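K.L.:
Structure below; questions to follow.
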2 protein chains.
Amino acid sequence: MTYLEIARMADVSTATVSRVLSGAGAVSDERRERVLAAAQELSYRGSRAARTLRRQKADTIGLIVSDIEYPSVASMARSVENAAAERGFALNICNSDEDLAKERKYINLLIEERVAGLIISPATESYSALEPLERAGIPVVTLDRRLQDARVDSVLLDNQKATQLLMDDLLRHGHRHFAAVVGTTVATPSRERLETMRAIVKSVPDATLIIAGSKLGETIGVSHTLETIGPAVTALALSAHPQPTAYVCVNAIMLTSVMASLIQEGLRIPQDVAVVGFDDMPGFALFQTPVTVVAQPTQELGRLAVQLLFERIASPTRPHETILVPPTFVARASCGHE
Amino acid sequence: MTYLEIARMADVSTATVSRVLSGAGAVSDERRERVLAAAQELSYRGSRAARTLRRQKADTIGLIVSDIEYPSVASMARSVENAAAERGFALNICNSDEDLAKERKYINLLIEERVAGLIISPATESYSALEPLERAGIPVVTLDRRLQDARVDSVLLDNQKATQLLMDDLLRHGHRHFAAVVGTTVATPSRERLETMRAIVKSVPDATLIIAGSKLGETIGVSHTLETIGPAVTALALSAHPQPTAYVCVNAIMLTSVMASLIQEGLRIPQDVAVVGFDDMPGFALFQTPVTVVAQPTQELGRLAVQLLFERIASPTRPHETILVPPTFVARASCGHE
DNA sequence: CTGAAAGCGCTTACAG
DNA sequence: CTGAAAGCGCTTACAG
């Protein structure tokens, strides 16, 4: 099961075995054959740990996401996995649940794994959480999010544009009173989308905006979010003056929960209130009121993140880059009355 | 960054450092303090590769699923991750896409990682794919699926019971002509559900059953499945004699796709046809026709799989166990007319 | 193109 | 409770 056994069987040195099996270094055809035959014969199975220890670097990249249960996150993760596999790299996926302590734990784990690089949707926009990675010399790309200071490469949706698309449509449908349904506003998507909404609302006479979100850490887990966010948002919004007529939801799960609560309150969509959101989801087209959303090109986001990461690995000193990916507006019925 | 540096700073041996930091072996309080202080001071970060190489076993377990983009799969994976983390184990998640070659590749990868155990939803029910794991001495639990011969521990839904619940309801609603919407029938859930449907249909006079599935390997990826399965199933079913009035779908994505196609064909649900399925999904309650399903307790399935795996690790020779978890019937509107 | 040899950072009998 | 020393399975300058 080790190079030594193969070396003996093939009557070569372990160095030669390594050169053949790792694909690095020139070996004569004749010896190569013998090594390959011996490896086959012994049904040799390598030790990634030995290789990693010796090279001080694993053939693995890390991926820290908020929660892979979210459909768009799962889609990005699949895309990252495929792109990593194409390059011969394994992928280590971790869920932070927007929890800084968990994020720190997983960052430490991945450093101890000596991953060749890390793609992360950081729980905050502060660089400090990522500092240990820099000290460990591990390249980082942020996905779906970015940092306040551009000290890493980033790939994310053009949130400003996406929000604009949604708001334009709602304004065109006559809406003036908005509710922003967000989770933590410490992370990029919610913060950027909320900021854009604020700016737009400010520019429209008599328009209002309330923030109907959850406290940090309250939206842990899809099923929990599904249960809690709708009732919380609905209670807040229905007691506001003026009451919002348009709900803009930061993701598909929150949207589903909010819509269910509004319907339960007896409100009709879109006659009484509009409900739109970011992220498409299978089934949104089949809802009793089909859901208008801006969709993220999740596959492309994942692919670009991997591409950027490997470019960074290849040239560690190149200037940092931020790629903003354009959203797709999917007009269905939930955006409101004329 | 290594034990040697800590050992020097704390004026102890590397053996003592190891005993303190790995938590194994008795060390005097005084020395323990010194080691901990030195590790802190040097902001020490361990090498999992070194530990794994030395112990010939990683503090990691593997999880091979069909496709984590499926909502119920993601939910199980999260549950497995949490249960593994509780025991101090990292988790390595791989997607096989029901592809035997990919599955083999990932099994090899996890063997080379020297994982302490593997939880897998195998792409077939044959034991042979798992044989390399036995040779490598890696304990295995199958999740959501089982093998033809009970040579491993298994945790899965009670598919017979689940199918019975769905079929009883449809029969009560007057349906006699059924379409089974399945993916590959090589894997457990589809096979067991289909078999149960066959048996039930056989026992009801004049009842018919058609299999409206996809060829093996055709259902790769959620978005692809979503696009292709509905049209394929609809085309087949609408040309059948007699035409099915009830569609039983093996998972939430297929159900969504089939429902969309049927509606597009002008059929009303449930007045013209009933559509029910396995696996609940966020939003099913908000569909224009809310969807009747049997839900899987995905969290429990994941938790039980980890529990079984660690019991197997602790006692490798105990008899194999298969846990059948009961389904939950969620009656909504799509199950049909009276 | 080839091999001898050192060494990556841990753990673990073994002896005391 | 403690330390010296071997060794897990690879890779990689180095010398030829």
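Residues in the structure tokens are named by chain (A, B, ... in the order shown) and by number from 1 within that chain; ligands are numbered from 1 in the order shown.
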Starting from chain A, keep only residues with some atom at most 9 Å from an atom of chain D, counting only C-alpha atoms (C1' of nucleotides), and report them as a list in words.

P.N.:
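Written out as asked, the residues are Thr2, Tyr3, Leu4, Ala15, Ser18, Arg19, Gly46, Ser47, Arg48, Ala49, Ala50, Arg51, Thr52, Leu53, Arg54 and Arg55 of chain A.
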
K.L.:
Can you check which residues of chain A have any atom within 8 Å of chain B? Use only C-alpha atoms and format it as a PyMOL selection string.

P.N.:
chain A and resi 45-50+52-53+68-69+71+74-75+78+91-93+108+111-114+226+253+256+260+282-284+286-289

K.L.:
Just the selected residues (N, CA and C atoms), exported as a short mmCIF file (atom, residue, chain, number, x, y, z; two decimals), in the first residue's frame, please.

P.N.:
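Done, and the output landed in again.cif:
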```
data_model
loop_
_atom_site.label_atom_id
_atom_site.label_comp_id
_atom_site.auth_asym_id
_atom_site.auth_seq_id
_atom_site.Cartn_x
_atom_site.Cartn_y
_atom_site.Cartn_z
N ARG A 45 -3.45 2.62 -3.15
CA ARG A 45 -4.30 3.76 -2.81
C ARG A 45 -3.44 4.76 -2.04
N GLY A 46 -3.32 5.96 -2.60
CA GLY A 46 -2.42 6.96 -2.03
C GLY A 46 -2.83 7.47 -0.67
N SER A 47 -1.97 8.24 -0.09
CA SER A 47 -2.27 8.90 1.18
C SER A 47 -2.20 10.40 0.96
N ARG A 48 -3.37 11.02 0.96
CA ARG A 48 -3.38 12.47 0.74
C ARG A 48 -2.68 13.18 1.91
N ALA A 49 -2.78 12.59 3.07
CA ALA A 49 -2.17 13.23 4.24
C ALA A 49 -0.66 13.32 4.06
N ALA A 50 -0.06 12.24 3.59
CA ALA A 50 1.39 12.23 3.40
C ALA A 50 1.80 13.28 2.38
N THR A 52 0.13 15.94 1.48
CA THR A 52 -0.12 17.29 2.01
C THR A 52 0.96 17.69 3.02
N LEU A 53 1.31 16.75 3.87
CA LEU A 53 2.32 17.05 4.88
C LEU A 53 3.64 17.42 4.21
N ILE A 68 -25.99 25.99 3.16
CA ILE A 68 -26.17 25.33 1.87
C ILE A 68 -27.61 24.89 1.65
N GLU A 69 -28.45 25.01 2.66
CA GLU A 69 -29.86 24.67 2.47
C GLU A 69 -30.58 25.68 1.59
N PRO A 71 -31.48 27.42 -1.63
CA PRO A 71 -31.36 26.92 -3.00
C PRO A 71 -30.25 27.61 -3.81
N ALA A 74 -26.83 26.40 -2.61
CA ALA A 74 -26.55 25.04 -3.07
C ALA A 74 -26.11 25.04 -4.52
N SER A 75 -26.77 25.87 -5.31
CA SER A 75 -26.43 25.94 -6.72
C SER A 75 -25.02 26.49 -6.93
N ARG A 78 -22.50 23.74 -5.99
CA ARG A 78 -22.34 22.73 -7.03
C ARG A 78 -21.44 23.24 -8.13
N LEU A 91 -13.08 19.58 -2.83
CA LEU A 91 -13.73 20.73 -2.22
C LEU A 91 -14.20 20.38 -0.81
N ASN A 92 -13.94 21.30 0.10
CA ASN A 92 -14.36 21.13 1.48
C ASN A 92 -15.41 22.19 1.80
N ILE A 93 -16.65 21.80 1.96
CA ILE A 93 -17.73 22.76 2.16
C ILE A 93 -18.10 22.89 3.64
N ASN A 108 -10.19 28.26 10.84
CA ASN A 108 -9.08 27.55 11.49
C ASN A 108 -8.93 26.14 10.96
N ILE A 111 -7.35 26.17 7.59
CA ILE A 111 -5.92 26.47 7.68
C ILE A 111 -5.17 25.21 8.11
N GLU A 112 -5.72 24.52 9.09
CA GLU A 112 -5.07 23.29 9.55
C GLU A 112 -5.09 22.20 8.47
N GLU A 113 -6.03 22.31 7.55
CA GLU A 113 -6.06 21.38 6.42
C GLU A 113 -5.07 21.79 5.34
N ARG A 114 -4.53 22.99 5.48
CA ARG A 114 -3.61 23.52 4.47
C ARG A 114 -4.26 23.59 3.08
N LEU A 226 -38.16 29.96 7.98
CA LEU A 226 -39.47 29.80 7.36
C LEU A 226 -40.59 30.00 8.38
N ILE A 253 -36.38 32.06 0.65
CA ILE A 253 -36.99 31.45 1.83
C ILE A 253 -37.77 32.50 2.61
N THR A 256 -40.93 33.30 0.79
CA THR A 256 -41.96 32.28 0.96
C THR A 256 -42.67 32.43 2.30
N ALA A 260 -46.61 33.62 2.87
CA ALA A 260 -47.55 32.76 3.60
C ALA A 260 -48.23 33.54 4.72
N PRO A 282 -37.29 26.97 -7.64
CA PRO A 282 -38.19 26.09 -8.37
C PRO A 282 -39.58 26.22 -7.75
N GLY A 283 -40.57 26.41 -8.54
CA GLY A 283 -41.92 26.49 -8.01
C GLY A 283 -42.47 27.90 -7.91
N PHE A 284 -41.62 28.90 -7.93
CA PHE A 284 -42.12 30.27 -7.85
C PHE A 284 -43.12 30.57 -8.98
N LEU A 286 -45.23 28.54 -10.06
CA LEU A 286 -46.48 27.81 -9.83
C LEU A 286 -47.25 28.32 -8.61
N PHE A 287 -46.72 29.34 -7.94
CA PHE A 287 -47.42 29.88 -6.77
C PHE A 287 -48.78 30.42 -7.19
N GLN A 288 -49.70 30.50 -6.24
CA GLN A 288 -51.04 31.00 -6.57
C GLN A 288 -50.92 32.40 -7.17
N THR A 289 -49.96 33.17 -6.66
CA THR A 289 -49.52 34.35 -7.39
C THR A 289 -48.06 34.13 -7.77
#
```

K.L.:
From a backbone DSSP assignment, name each residue in range 38-252 of chain B labelled strand (DSSP E or B), as a PyMOL selection string.

P.N.:
chain B and resi 60-65+90-95+117-120+140-143+153-157+177-181+208-211+246-249

K.L.:
Okay, now the selection with C-alpha atoms, as an mmCIF file, in the first residue's frame?

P.N.:
```cif
data_model
loop_
_atom_site.group_PDB
_atom_site.id
_atom_site.type_symbol
_atom_site.label_atom_id
_atom_site.label_comp_id
_atom_site.auth_asym_id
_atom_site.auth_seq_id
_atom_site.Cartn_x
_atom_site.Cartn_y
_atom_site.Cartn_z
ATOM 1 C CA THR B 60 -13.232 13.482 9.287
ATOM 2 C CA ILE B 61 -16.182 11.581 7.975
ATOM 3 C CA GLY B 62 -17.289 11.499 4.365
ATOM 4 C CA LEU B 63 -20.748 12.039 2.962
ATOM 5 C CA ILE B 64 -21.594 11.063 -0.599
ATOM 6 C CA VAL B 65 -25.026 12.232 -1.690
ATOM 7 C CA ALA B 90 -15.224 17.468 10.124
ATOM 8 C CA LEU B 91 -17.378 16.519 7.177
ATOM 9 C CA ASN B 92 -16.407 16.026 3.568
ATOM 10 C CA ILE B 93 -19.420 16.282 1.244
ATOM 11 C CA CYS B 94 -19.363 14.882 -2.304
ATOM 12 C CA ASN B 95 -22.072 14.803 -4.992
ATOM 13 C CA GLY B 117 -16.277 6.575 8.259
ATOM 14 C CA LEU B 118 -18.580 7.171 5.318
ATOM 15 C CA ILE B 119 -22.251 7.941 4.974
ATOM 16 C CA ILE B 120 -23.475 7.367 1.448
ATOM 17 C CA VAL B 140 -20.151 2.640 6.026
ATOM 18 C CA VAL B 141 -23.755 3.643 6.617
ATOM 19 C CA THR B 142 -26.167 4.068 3.725
ATOM 20 C CA LEU B 143 -28.538 6.985 4.045
ATOM 21 C CA ASP B 153 -26.018 -0.268 8.363
ATOM 22 C CA SER B 154 -28.788 1.745 6.755
ATOM 23 C CA VAL B 155 -31.099 4.601 7.640
ATOM 24 C CA LEU B 156 -33.951 5.429 5.325
ATOM 25 C CA LEU B 157 -37.559 6.361 5.010
ATOM 26 C CA HIS B 177 -54.955 5.197 -13.251
ATOM 27 C CA PHE B 178 -51.556 6.110 -11.977
ATOM 28 C CA ALA B 179 -48.300 7.437 -13.322
ATOM 29 C CA ALA B 180 -45.152 6.835 -11.317
ATOM 30 C CA VAL B 181 -42.681 9.631 -11.925
ATOM 31 C CA THR B 208 -53.390 0.774 -14.097
ATOM 32 C CA LEU B 209 -49.884 2.057 -13.629
ATOM 33 C CA ILE B 210 -47.442 3.538 -16.096
ATOM 34 C CA ILE B 211 -43.863 4.389 -15.369
ATOM 35 C CA ALA B 246 -52.844 10.653 -10.672
ATOM 36 C CA TYR B 247 -49.124 11.414 -10.803
ATOM 37 C CA VAL B 248 -46.962 10.164 -7.967
ATOM 38 C CA CYS B 249 -43.582 11.912 -8.056
#
```

K.L.:
B:Ala199, B:Val186, B:Ala37, B:Ala333: which is nearest Leu147 in chain B, counting only C-alpha atoms?

P.N.:
B:Val186

K.L.:
Considering only C-alpha atoms (C1' of nucleotides), return as a PDB file with N, CA and C atoms, in the first residue's frame whatever protein or nucleic-acid residues lie within 10 Å of Ser126 in chain B, sequence-local ones (same chain, fewer than 5 positions apart) excluded.

P.N.:
```pdb
ATOM      1  N   GLU B 131     -17.237  -2.177  -1.915  1.00  0.00           N
ATOM      2  CA  GLU B 131     -16.227  -3.143  -1.501  1.00  0.00           C
ATOM      3  C   GLU B 131     -14.870  -2.521  -1.175  1.00  0.00           C
ATOM      4  N   ARG B 146     -30.666   1.695   0.613  1.00  0.00           N
ATOM      5  CA  ARG B 146     -30.069   0.505   1.195  1.00  0.00           C
ATOM      6  C   ARG B 146     -29.565  -0.411   0.102  1.00  0.00           C
ATOM      7  N   LEU B 147     -28.915  -1.491   0.506  1.00  0.00           N
ATOM      8  CA  LEU B 147     -28.383  -2.429  -0.469  1.00  0.00           C
ATOM      9  C   LEU B 147     -29.269  -3.669  -0.517  1.00  0.00           C
ATOM     10  N   GLN B 148     -29.113  -4.429  -1.594  1.00  0.00           N
ATOM     11  CA  GLN B 148     -29.902  -5.658  -1.697  1.00  0.00           C
ATOM     12  C   GLN B 148     -29.534  -6.631  -0.593  1.00  0.00           C
ATOM     13  N   ASP B 149     -28.245  -6.761  -0.320  1.00  0.00           N
ATOM     14  CA  ASP B 149     -27.853  -7.592   0.812  1.00  0.00           C
ATOM     15  C   ASP B 149     -27.471  -6.676   1.975  1.00  0.00           C
ATOM     16  N   VAL B 186     -32.617   2.231 -10.258  1.00  0.00           N
ATOM     17  CA  VAL B 186     -31.549   1.392  -9.728  1.00  0.00           C
ATOM     18  C   VAL B 186     -31.336   1.695  -8.246  1.00  0.00           C
ATOM     19  N   ALA B 187     -31.762   2.882  -7.826  1.00  0.00           N
ATOM     20  CA  ALA B 187     -31.551   3.263  -6.433  1.00  0.00           C
ATOM     21  C   ALA B 187     -32.811   3.018  -5.617  1.00  0.00           C
TER      22      ALA B 187
END
```

K.L.:
Residues of range 90-284 of chain A classed as alpha helix (DSSP H) by DSSP on the backbone are to be reported as a count of residues only.

P.N.:
78
